[in-house]
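Peer 1: Dropping in input-v2.csv, with CSV, C-alpha atoms.
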chain,number,residue,atom,x,y,z
A,15,MET,CA,-4.0,25.3,19.8
A,16,ALA,CA,-2.5,22.7,17.4
A,17,LYS,CA,-3.7,22.8,13.9
A,18,GLN,CA,-5.3,19.6,12.5
A,19,VAL,CA,-3.6,18.6,9.3
A,20,PHE,CA,-4.9,15.0,8.8
A,21,LYS,CA,-8.3,13.5,9.4
A,22,LYS,CA,-10.7,10.9,8.2
A,23,PRO,CA,-12.3,12.0,4.9
A,24,GLU,CA,-16.1,12.7,5.0
A,25,ALA,CA,-16.5,10.2,2.2
A,26,LEU,CA,-15.5,7.3,4.5
A,27,LYS,CA,-17.7,5.8,7.2
A,28,ASP,CA,-16.4,4.8,10.6
A,29,ASN,CA,-16.6,1.1,10.0
A,30,ILE,CA,-13.6,-1.1,10.4
A,31,TYR,CA,-12.3,-2.6,7.2
A,32,HIS,CA,-12.7,-6.4,6.7
A,33,TYR,CA,-9.6,-6.6,4.4
A,34,CYS,CA,-6.6,-8.7,5.3
A,35,PRO,CA,-3.6,-7.1,6.9
A,36,GLY,CA,-1.3,-5.6,4.2
A,37,CYS,CA,-4.1,-5.6,1.5
A,38,GLY,CA,-4.1,-2.5,-0.8
A,39,HIS,CA,-7.9,-2.1,-0.8
A,40,SER,CA,-8.0,-0.1,2.4
A,41,ILE,CA,-5.4,2.4,1.1
A,42,ILE,CA,-7.2,2.8,-2.2
A,43,HIS,CA,-10.6,3.3,-0.4
A,44,ARG,CA,-9.0,6.2,1.5
A,45,LEU,CA,-7.5,7.7,-1.7
A,46,VAL,CA,-10.9,7.6,-3.5
A,47,ALA,CA,-12.6,9.2,-0.4
A,48,GLU,CA,-10.0,12.0,-0.2
A,49,VAL,CA,-10.4,12.8,-3.9
A,50,LEU,CA,-14.2,13.0,-3.6
A,51,GLY,CA,-13.8,15.4,-0.7
A,52,GLU,CA,-11.2,17.6,-2.4
A,53,LEU,CA,-13.2,17.8,-5.6
A,54,GLY,CA,-16.4,18.6,-3.6
A,55,ILE,CA,-18.4,15.9,-5.3
A,56,ARG,CA,-19.2,13.5,-2.5
A,57,GLU,CA,-22.9,14.4,-2.3
A,58,LYS,CA,-23.5,13.7,-6.0
A,59,THR,CA,-21.3,10.6,-6.4
A,60,VAL,CA,-22.5,7.0,-6.8
A,61,GLY,CA,-20.2,4.1,-6.5
A,62,VAL,CA,-20.8,0.6,-8.0
A,63,PRO,CA,-18.8,-2.4,-6.6
A,64,PRO,CA,-19.5,-5.9,-7.9
A,65,ALA,CA,-18.7,-9.2,-6.4
A,66,GLY,CA,-15.1,-9.8,-5.1
A,67,CYS,CA,-13.1,-8.6,-2.2
A,68,ALA,CA,-14.6,-5.1,-2.5
A,69,VAL,CA,-18.2,-6.4,-2.5
A,70,LEU,CA,-18.7,-4.7,0.9
A,71,ALA,CA,-17.4,-1.3,-0.3
A,72,TYR,CA,-20.8,0.2,0.5
A,73,ASN,CA,-19.9,-0.3,4.2
A,74,TYR,CA,-17.0,2.1,3.9
A,75,PHE,CA,-17.8,4.8,1.3
A,76,ASN,CA,-20.1,7.5,2.6
A,77,VAL,CA,-21.7,8.1,-0.7
A,78,ASP,CA,-24.7,6.5,-2.5
A,79,MET,CA,-23.8,3.0,-3.6
A,80,GLY,CA,-25.2,0.6,-6.1
A,81,GLU,CA,-24.4,-3.1,-6.3
A,82,ALA,CA,-23.8,-5.3,-9.4
A,83,PRO,CA,-23.5,-8.9,-10.3
A,84,HIS,CA,-20.0,-10.2,-10.9
A,85,GLY,CA,-18.5,-8.4,-13.9
A,86,ARG,CA,-21.4,-6.1,-14.5
A,87,ALA,CA,-20.5,-3.0,-12.5
A,88,ILE,CA,-19.7,-0.9,-15.6
A,89,ALA,CA,-23.0,-2.0,-17.2
A,90,VAL,CA,-24.9,-0.9,-14.0
A,91,ALA,CA,-22.8,2.3,-13.9
A,92,THR,CA,-23.7,3.1,-17.5
A,93,GLY,CA,-27.4,2.9,-16.7
A,94,LEU,CA,-27.0,5.2,-13.7
A,95,LYS,CA,-25.0,7.8,-15.6
A,96,ARG,CA,-27.3,7.8,-18.6
A,97,ALA,CA,-30.4,8.1,-16.4
A,98,ARG,CA,-28.7,10.8,-14.3
A,99,PRO,CA,-25.9,12.5,-16.2
A,100,ASP,CA,-25.6,15.1,-13.4
A,101,LEU,CA,-24.2,12.4,-11.1
A,102,VAL,CA,-20.5,11.4,-10.8
A,103,VAL,CA,-20.4,7.6,-11.2
A,104,PHE,CA,-17.5,5.3,-10.5
A,105,THR,CA,-16.9,1.6,-10.4
A,106,TYR,CA,-14.6,-0.2,-8.0
A,107,GLN,CA,-13.5,-3.6,-9.4
A,108,GLY,CA,-10.9,-6.3,-8.9
A,109,ASP,CA,-9.0,-8.0,-11.7
A,110,GLY,CA,-11.0,-11.2,-11.3
A,111,ASP,CA,-14.1,-9.1,-12.1
A,112,ILE,CA,-13.2,-6.3,-14.6
A,113,ALA,CA,-10.6,-8.3,-16.6
A,114,ALA,CA,-12.5,-11.6,-16.6
A,115,ILE,CA,-16.3,-11.8,-16.7
A,116,GLY,CA,-16.5,-8.1,-17.1
A,117,THR,CA,-14.1,-7.7,-20.1
A,118,ALA,CA,-16.8,-7.1,-22.7
A,119,GLU,CA,-18.7,-4.5,-20.6
A,120,THR,CA,-15.4,-2.7,-19.9
A,121,ILE,CA,-14.2,-2.5,-23.5
A,122,HIS,CA,-17.5,-1.6,-25.0
A,123,ALA,CA,-18.1,1.1,-22.4
A,124,ALA,CA,-14.7,2.6,-23.2
A,125,ASN,CA,-15.4,2.4,-26.9
A,126,ARG,CA,-18.6,4.2,-26.5
A,127,GLY,CA,-16.9,6.8,-24.4
A,128,GLU,CA,-19.2,6.4,-21.4
A,129,ARG,CA,-18.7,9.3,-18.9
A,130,LEU,CA,-17.5,6.9,-16.1
A,131,THR,CA,-14.5,6.5,-13.8
A,132,SER,CA,-13.3,3.0,-13.2
A,133,ILE,CA,-11.0,2.0,-10.4
A,134,PHE,CA,-9.4,-1.3,-11.3
A,135,VAL,CA,-7.5,-3.1,-8.5
A,136,ASN,CA,-5.1,-5.7,-9.8
A,137,ASN,CA,-3.7,-8.1,-7.3
A,138,GLY,CA,-3.2,-11.0,-9.7
A,139,VAL,CA,-5.6,-13.5,-8.2
A,140,TYR,CA,-9.3,-14.1,-7.3
A,141,GLY,CA,-8.8,-12.9,-3.7
A,142,MET,CA,-12.2,-13.4,-2.1
A,143,THR,CA,-12.7,-17.0,-3.2
A,144,GLY,CA,-9.4,-18.5,-2.2
A,145,GLY,CA,-6.7,-17.3,-4.6
A,146,GLN,CA,-7.5,-19.0,-7.9
A,147,MET,CA,-5.7,-17.9,-11.1
A,148,ALA,CA,-7.1,-14.7,-12.6
A,149,PRO,CA,-6.6,-13.2,-16.0
A,150,THR,CA,-3.8,-11.1,-14.6
A,151,THR,CA,-1.9,-13.9,-12.8
A,152,LEU,CA,1.8,-13.8,-13.9
A,153,VAL,CA,3.5,-16.5,-15.9
A,154,GLY,CA,4.9,-19.0,-13.4
A,155,GLN,CA,2.8,-17.7,-10.5
A,156,THR,CA,1.4,-20.4,-8.3
A,157,THR,CA,-2.3,-20.2,-7.3
A,158,THR,CA,-4.8,-22.7,-6.0
A,159,THR,CA,-5.7,-23.6,-9.6
A,160,THR,CA,-2.1,-23.4,-11.0
A,161,PRO,CA,-0.2,-25.2,-8.2
A,162,PHE,CA,2.8,-25.6,-10.5
A,163,GLY,CA,2.7,-22.1,-11.9
A,164,ARG,CA,0.8,-20.5,-14.8
A,165,GLU,CA,1.9,-21.9,-18.1
A,166,PRO,CA,1.1,-19.9,-21.3
A,167,LEU,CA,0.4,-23.0,-23.4
A,168,LYS,CA,-2.2,-24.2,-20.9
A,169,GLU,CA,-3.6,-21.0,-19.3
A,170,GLY,CA,-2.5,-18.3,-21.7
A,171,TYR,CA,-0.7,-15.1,-20.9
A,172,PRO,CA,-1.5,-12.4,-18.4
A,173,LEU,CA,-4.2,-10.1,-19.8
A,174,ASP,CA,-3.3,-6.4,-20.1
A,175,LEU,CA,-6.8,-4.9,-19.9
A,176,SER,CA,-5.6,-1.3,-19.6
A,177,GLN,CA,-3.8,-1.6,-23.0
A,178,MET,CA,-6.9,-3.1,-24.5
A,179,VAL,CA,-9.1,-0.3,-23.2
A,180,ALA,CA,-6.6,2.3,-24.4
A,181,VAL,CA,-7.2,1.2,-28.0
A,182,ALA,CA,-10.9,2.0,-27.6
A,183,ARG,CA,-11.6,5.3,-29.2
A,184,GLY,CA,-13.9,6.6,-26.4
A,185,SER,CA,-11.3,6.1,-23.7
A,186,VAL,CA,-9.6,9.3,-22.7
A,187,TYR,CA,-7.4,8.6,-19.7
A,188,ILE,CA,-5.8,5.3,-18.7
A,189,GLU,CA,-3.0,5.1,-16.1
A,190,ARG,CA,-1.4,2.2,-14.1
A,191,THR,CA,-0.2,2.9,-10.6
A,192,ALA,CA,0.6,1.1,-7.4
A,193,VAL,CA,0.1,1.5,-3.6
A,194,THR,CA,3.4,-0.2,-2.4
A,195,SER,CA,5.2,2.9,-1.2
A,196,PRO,CA,4.4,6.5,-0.1
A,197,LYS,CA,5.7,7.7,-3.5
A,198,ASN,CA,3.4,5.4,-5.4
A,199,VAL,CA,0.4,6.2,-3.1
A,200,ILE,CA,0.8,9.9,-3.9
A,201,LYS,CA,1.0,9.1,-7.7
A,202,THR,CA,-2.1,6.9,-7.4
A,203,LYS,CA,-4.1,9.7,-5.7
A,204,LYS,CA,-3.2,12.1,-8.5
A,205,ALA,CA,-4.3,9.5,-11.1
A,206,ILE,CA,-7.6,8.9,-9.3
A,207,LYS,CA,-8.2,12.6,-9.1
A,208,LYS,CA,-7.6,13.1,-12.8
A,209,ALA,CA,-9.8,10.2,-13.7
A,210,PHE,CA,-12.7,11.8,-11.8
A,211,GLN,CA,-11.9,15.2,-13.4
A,212,VAL,CA,-12.1,13.6,-16.8
A,213,GLN,CA,-15.7,12.6,-16.0
A,214,MET,CA,-16.6,16.0,-14.5
A,215,ASP,CA,-15.3,17.6,-17.7
A,216,ASN,CA,-17.5,15.3,-19.8
A,217,LEU,CA,-14.6,14.1,-21.9
A,218,GLY,CA,-15.1,10.3,-22.0
A,219,PHE,CA,-14.1,7.1,-20.3
A,220,ALA,CA,-11.3,7.0,-17.6
A,221,LEU,CA,-9.7,4.1,-15.9
A,222,VAL,CA,-7.0,3.8,-13.2
A,223,GLU,CA,-5.4,0.4,-12.8
A,224,ILE,CA,-3.8,0.0,-9.4
A,225,LEU,CA,-1.4,-2.8,-8.7
A,226,SER,CA,-2.2,-4.0,-5.2
A,227,GLN,CA,-0.6,-6.5,-2.8
A,228,CYS,CA,-2.4,-9.6,-1.6
A,229,PRO,CA,-0.2,-11.1,1.2
A,230,THR,CA,-2.8,-13.7,2.2
A,231,ASN,CA,-3.2,-15.4,-1.2
A,232,TRP,CA,0.4,-14.9,-2.2
A,233,LYS,CA,1.4,-16.5,1.1
A,234,VAL,CA,4.0,-13.8,1.9
A,235,SER,CA,4.3,-11.0,4.4
A,236,PRO,CA,3.0,-7.5,3.7
A,237,VAL,CA,6.5,-6.2,3.2
A,238,GLU,CA,7.4,-9.1,0.9
A,239,SER,CA,4.2,-8.5,-1.1
A,240,CYS,CA,5.1,-4.9,-1.7
A,241,ARG,CA,8.6,-6.0,-2.9
A,242,HIS,CA,7.0,-8.5,-5.2
A,243,VAL,CA,4.9,-5.9,-6.9
A,244,GLU,CA,7.8,-3.5,-7.4
A,245,GLU,CA,10.3,-6.2,-8.5
A,246,GLU,CA,8.1,-8.7,-10.4
A,247,VAL,CA,4.6,-7.6,-11.2
A,248,VAL,CA,5.7,-4.3,-12.8
A,249,LYS,CA,7.7,-6.4,-15.4
A,250,SER,CA,4.4,-7.5,-16.9
A,251,TYR,CA,2.4,-4.4,-15.9
A,252,PRO,CA,4.7,-1.3,-16.1
A,253,LEU,CA,3.6,1.7,-14.2
A,254,GLY,CA,2.8,5.0,-15.9
A,255,VAL,CA,0.3,6.8,-18.2
A,256,ILE,CA,-1.0,4.5,-20.9
A,257,LYS,CA,-3.3,7.0,-22.6
A,258,ASP,CA,-4.1,10.6,-22.1
A,259,THR,CA,-6.0,12.6,-24.7
A,260,THR,CA,-7.3,15.3,-22.4
A,261,PRO,CA,-7.1,18.7,-24.2
A,262,LYS,CA,-3.7,19.8,-22.8
A,263,ASN,CA,-2.2,16.4,-23.7
A,264,LYS,CA,-3.4,16.0,-27.3
For this file, produce the structure as C-alpha cells.

Peer 2:
Amino acid sequence: MAKQVFKKPEALKDNIYHYCPGCGHSIIHRLVAEVLGELGIREKTVGVPPAGCAVLAYNYFNVDMGEAPHGRAIAVATGLKRARPDLVVFTYQGDGDIAAIGTAETIHAANRGERLTSIFVNNGVYGMTGGQMAPTTLVGQTTTTTPFGREPLKEGYPLDLSQMVAVARGSVYIERTAVTSPKNVIKTKKAIKKAFQVQMDNLGFALVEILSQCPTNWKVSPVESCRHVEEEVVKSYPLGVIKDTTPKNK
C-alpha cells in the first residue's frame, strides 16, 4: 500500500477559496493551517480576520474564529487573549487594514508585548474594494486612486510597518517573507511556525509580514505578479528577519 505523504490539514475546511487565481492568500491559509496542526494547537486556537480580502477566512480555517471591524483585529485579539490567556490567538490582516486604519492598534499592542501572533499580508493595494492605493503601494505604482503612479510629494512614501513594530519594546519576533516560489513558501512556513511558538512560549508580540501577489488589481498574469514581487517589491520591502529577541538570539 502506498504511503500518504501529503493531505489537507485538519485546520482547513473543505470549502473552495473565493480568492482570485494567482492570489497569495490561499497559499498562506494552507501554511497557517499546517502550522496549527504540526504544533498541535488547532483546538485551542482562535483567529481574528477583519475587513478586506480575507474577511471570509472563517469559511476556510477549521478553528474558532472571531470577526473585527476594519483595522481592529488586534484590538479584538487582545481582548480574547487577555480574557483567555490559555488560548492561542492570531490575526490575519491585509496591508490596507493593519498598516492603515489599524496602525495604532498594531503598534500599541506590540509596544505592550501582547501575546499575539499577527499574519500581515502585503499586496500593495486595497484588494477587495477595487485596487486603490494602500499605505504599502510603491512609489510610481499605478492604482485606481493613483492612475499616474504614487508620488511621494502627494501621497507620501510606502509605509514600512514591520520596521515600525520592530522598534516597539514589546515586540519579540518580526520577519518579512514571500510566497512567490517554493523556496519562499518554505521560509514563510518556518516564520509562521516561529511566530506561533513565540506566543506559546509567552515571550511577547510576533508578526510575520508576507509579500503576496495580486494579479487582478496589478493587471498582470500570476507569473508576472510573482516576478514583480521578487524584482520590484523587495526593493522597498527586503525579505528577512527584522527583529528576533527570542532567548537563543539575544

Peer 1: May I have the residues within 12 Å of Ile200 in chain A as a list in words, using all atoms listed in the file and disregarding those fewer than 3 positions away in the same chain?

Peer 2: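 Everything that qualifies: Ile41, Ile42, Arg44, Leu45, Val46, Glu48, Val49, Thr191, Ala192, Val193, Thr194, Ser195, Pro196, Lys197, Lys203, Lys204, Ala205, Ile206 and Lys207 of chain A.
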
Peer 1: Can those selected residues be exported to a file as an mmCIF file, in the coordinates of the input so that it contains C-alpha atoms?

Peer 2:
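Once written, again32.cif looks like this:
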data_model
loop_
_atom_site.group_PDB
_atom_site.id
_atom_site.type_symbol
_atom_site.label_atom_id
_atom_site.label_comp_id
_atom_site.auth_asym_id
_atom_site.auth_seq_id
_atom_site.Cartn_x
_atom_site.Cartn_y
_atom_site.Cartn_z
ATOM 1 C CA ILE A 41 -5.400 2.400 1.100
ATOM 2 C CA ILE A 42 -7.200 2.800 -2.200
ATOM 3 C CA ARG A 44 -9.000 6.200 1.500
ATOM 4 C CA LEU A 45 -7.500 7.700 -1.700
ATOM 5 C CA VAL A 46 -10.900 7.600 -3.500
ATOM 6 C CA GLU A 48 -10.000 12.000 -0.200
ATOM 7 C CA VAL A 49 -10.400 12.800 -3.900
ATOM 8 C CA THR A 191 -0.200 2.900 -10.600
ATOM 9 C CA ALA A 192 0.600 1.100 -7.400
ATOM 10 C CA VAL A 193 0.100 1.500 -3.600
ATOM 11 C CA THR A 194 3.400 -0.200 -2.400
ATOM 12 C CA SER A 195 5.200 2.900 -1.200
ATOM 13 C CA PRO A 196 4.400 6.500 -0.100
ATOM 14 C CA LYS A 197 5.700 7.700 -3.500
ATOM 15 C CA LYS A 203 -4.100 9.700 -5.700
ATOM 16 C CA LYS A 204 -3.200 12.100 -8.500
ATOM 17 C CA ALA A 205 -4.300 9.500 -11.100
ATOM 18 C CA ILE A 206 -7.600 8.900 -9.300
ATOM 19 C CA LYS A 207 -8.200 12.600 -9.100
#

Peer 1: Can you work out the spacing between CA of Gly66 in chain A and CA of Glu128 in chain A in Å, to one decimal?

Peer 2: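 Between these atoms lies a distance of 23.3 Å.
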
Peer 1: Per residue of range 79-133 of chain A within 8 Å of range 215-239 of chain A, what are the shortest atom pair and its distance in Å to one decimal, counting only C-alpha atoms, with rows by chain and residue number, as JSON lines?

Peer 2:
{"residue": "A:Ala123", "atom": "CA", "partner": "A:Phe219", "partner_atom": "CA", "distance": 7.5}
{"residue": "A:Ala124", "atom": "CA", "partner": "A:Phe219", "partner_atom": "CA", "distance": 5.4}
{"residue": "A:Gly127", "atom": "CA", "partner": "A:Gly218", "partner_atom": "CA", "distance": 4.6}
{"residue": "A:Glu128", "atom": "CA", "partner": "A:Phe219", "partner_atom": "CA", "distance": 5.3}
{"residue": "A:Arg129", "atom": "CA", "partner": "A:Gly218", "partner_atom": "CA", "distance": 4.9}
{"residue": "A:Leu130", "atom": "CA", "partner": "A:Phe219", "partner_atom": "CA", "distance": 5.4}
{"residue": "A:Thr131", "atom": "CA", "partner": "A:Ala220", "partner_atom": "CA", "distance": 5.0}
{"residue": "A:Ser132", "atom": "CA", "partner": "A:Leu221", "partner_atom": "CA", "distance": 4.6}
{"residue": "A:Ile133", "atom": "CA", "partner": "A:Val222", "partner_atom": "CA", "distance": 5.2}

Peer 1: Please provide the set of residues having any atom within 8 Å of Glu165 in chain A, restricted to all atoms listed in the file, with same-chain residues fewer than 6 positions apart removed, written as a CSV table (one decimal) with C-alpha atoms, in the coordinates of the input.

Peer 2:
chain,number,residue,atom,x,y,z
A,153,VAL,CA,3.5,-16.5,-15.9
A,154,GLY,CA,4.9,-19.0,-13.4
A,171,TYR,CA,-0.7,-15.1,-20.9

Peer 1: Report as JSON lines the residues of range 152-241 of chain A within 10 Å of range 111-119 of chain A, each with its shortest atom pair and distance in Å (one decimal), using all atoms listed in the file, ordered by chain and increasing residue number.

Peer 2:
{"residue": "A:Leu173", "atom": "CA", "partner": "A:Ala113", "partner_atom": "CA", "distance": 7.4}
{"residue": "A:Asp174", "atom": "CA", "partner": "A:Ala113", "partner_atom": "CA", "distance": 8.3}
{"residue": "A:Leu175", "atom": "CA", "partner": "A:Ala113", "partner_atom": "CA", "distance": 6.1}
{"residue": "A:Ser176", "atom": "CA", "partner": "A:Ala113", "partner_atom": "CA", "distance": 9.1}
{"residue": "A:Met178", "atom": "CA", "partner": "A:Thr117", "partner_atom": "CA", "distance": 9.6}
{"residue": "A:Val179", "atom": "CA", "partner": "A:Thr117", "partner_atom": "CA", "distance": 9.5}

Peer 1: If you measure from CA of Val60 in chain A to CA of Gly93 in chain A, what distance in Å do you get, rounded to one decimal?

Peer 2: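 CA of Gly93 in chain A lies 11.8 Å from CA of Val60 in chain A.
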
Peer 1: Sorted by chain and rising residue number, which residues of range 147-238 of chain A lie within 8 Å of range 97-102 of chain A, and what are their closest atom pairs and distances in Å to one decimal, counting only C-alpha atoms, as CSV?

Peer 2:
residue,atom,partner,partner_atom,distance
A:Phe210,CA,A:Val102,CA,7.9
A:Gln213,CA,A:Val102,CA,7.2
A:Met214,CA,A:Val102,CA,7.1

Peer 1: Taking all atoms listed in the file into account, name the residue in A:Val243, A:Ala47, A:Leu26, A:Cys37 that is nearest to Leu152 in chain A.

Peer 2: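 Of all the options, A:Val243 lies closest to Leu152 in chain A.
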
Peer 1: Could you pull out every residue with an atom within 12 Å of (-14.4, 14.3, 2.8), file coordinates, counting all atoms listed in the file, and send them as number ranges by chain?

Peer 2: A: 20-27, 44-57, 75-77

Peer 1: Measuring between all atoms listed in the file, which one of A:Asn198, A:Gln146, A:Thr151, A:Gln18 shows the shortest distance to Cys240 in chain A?

Peer 2: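 Checking each candidate against Cys240 in chain A, we get A:Asn198 as the closest.
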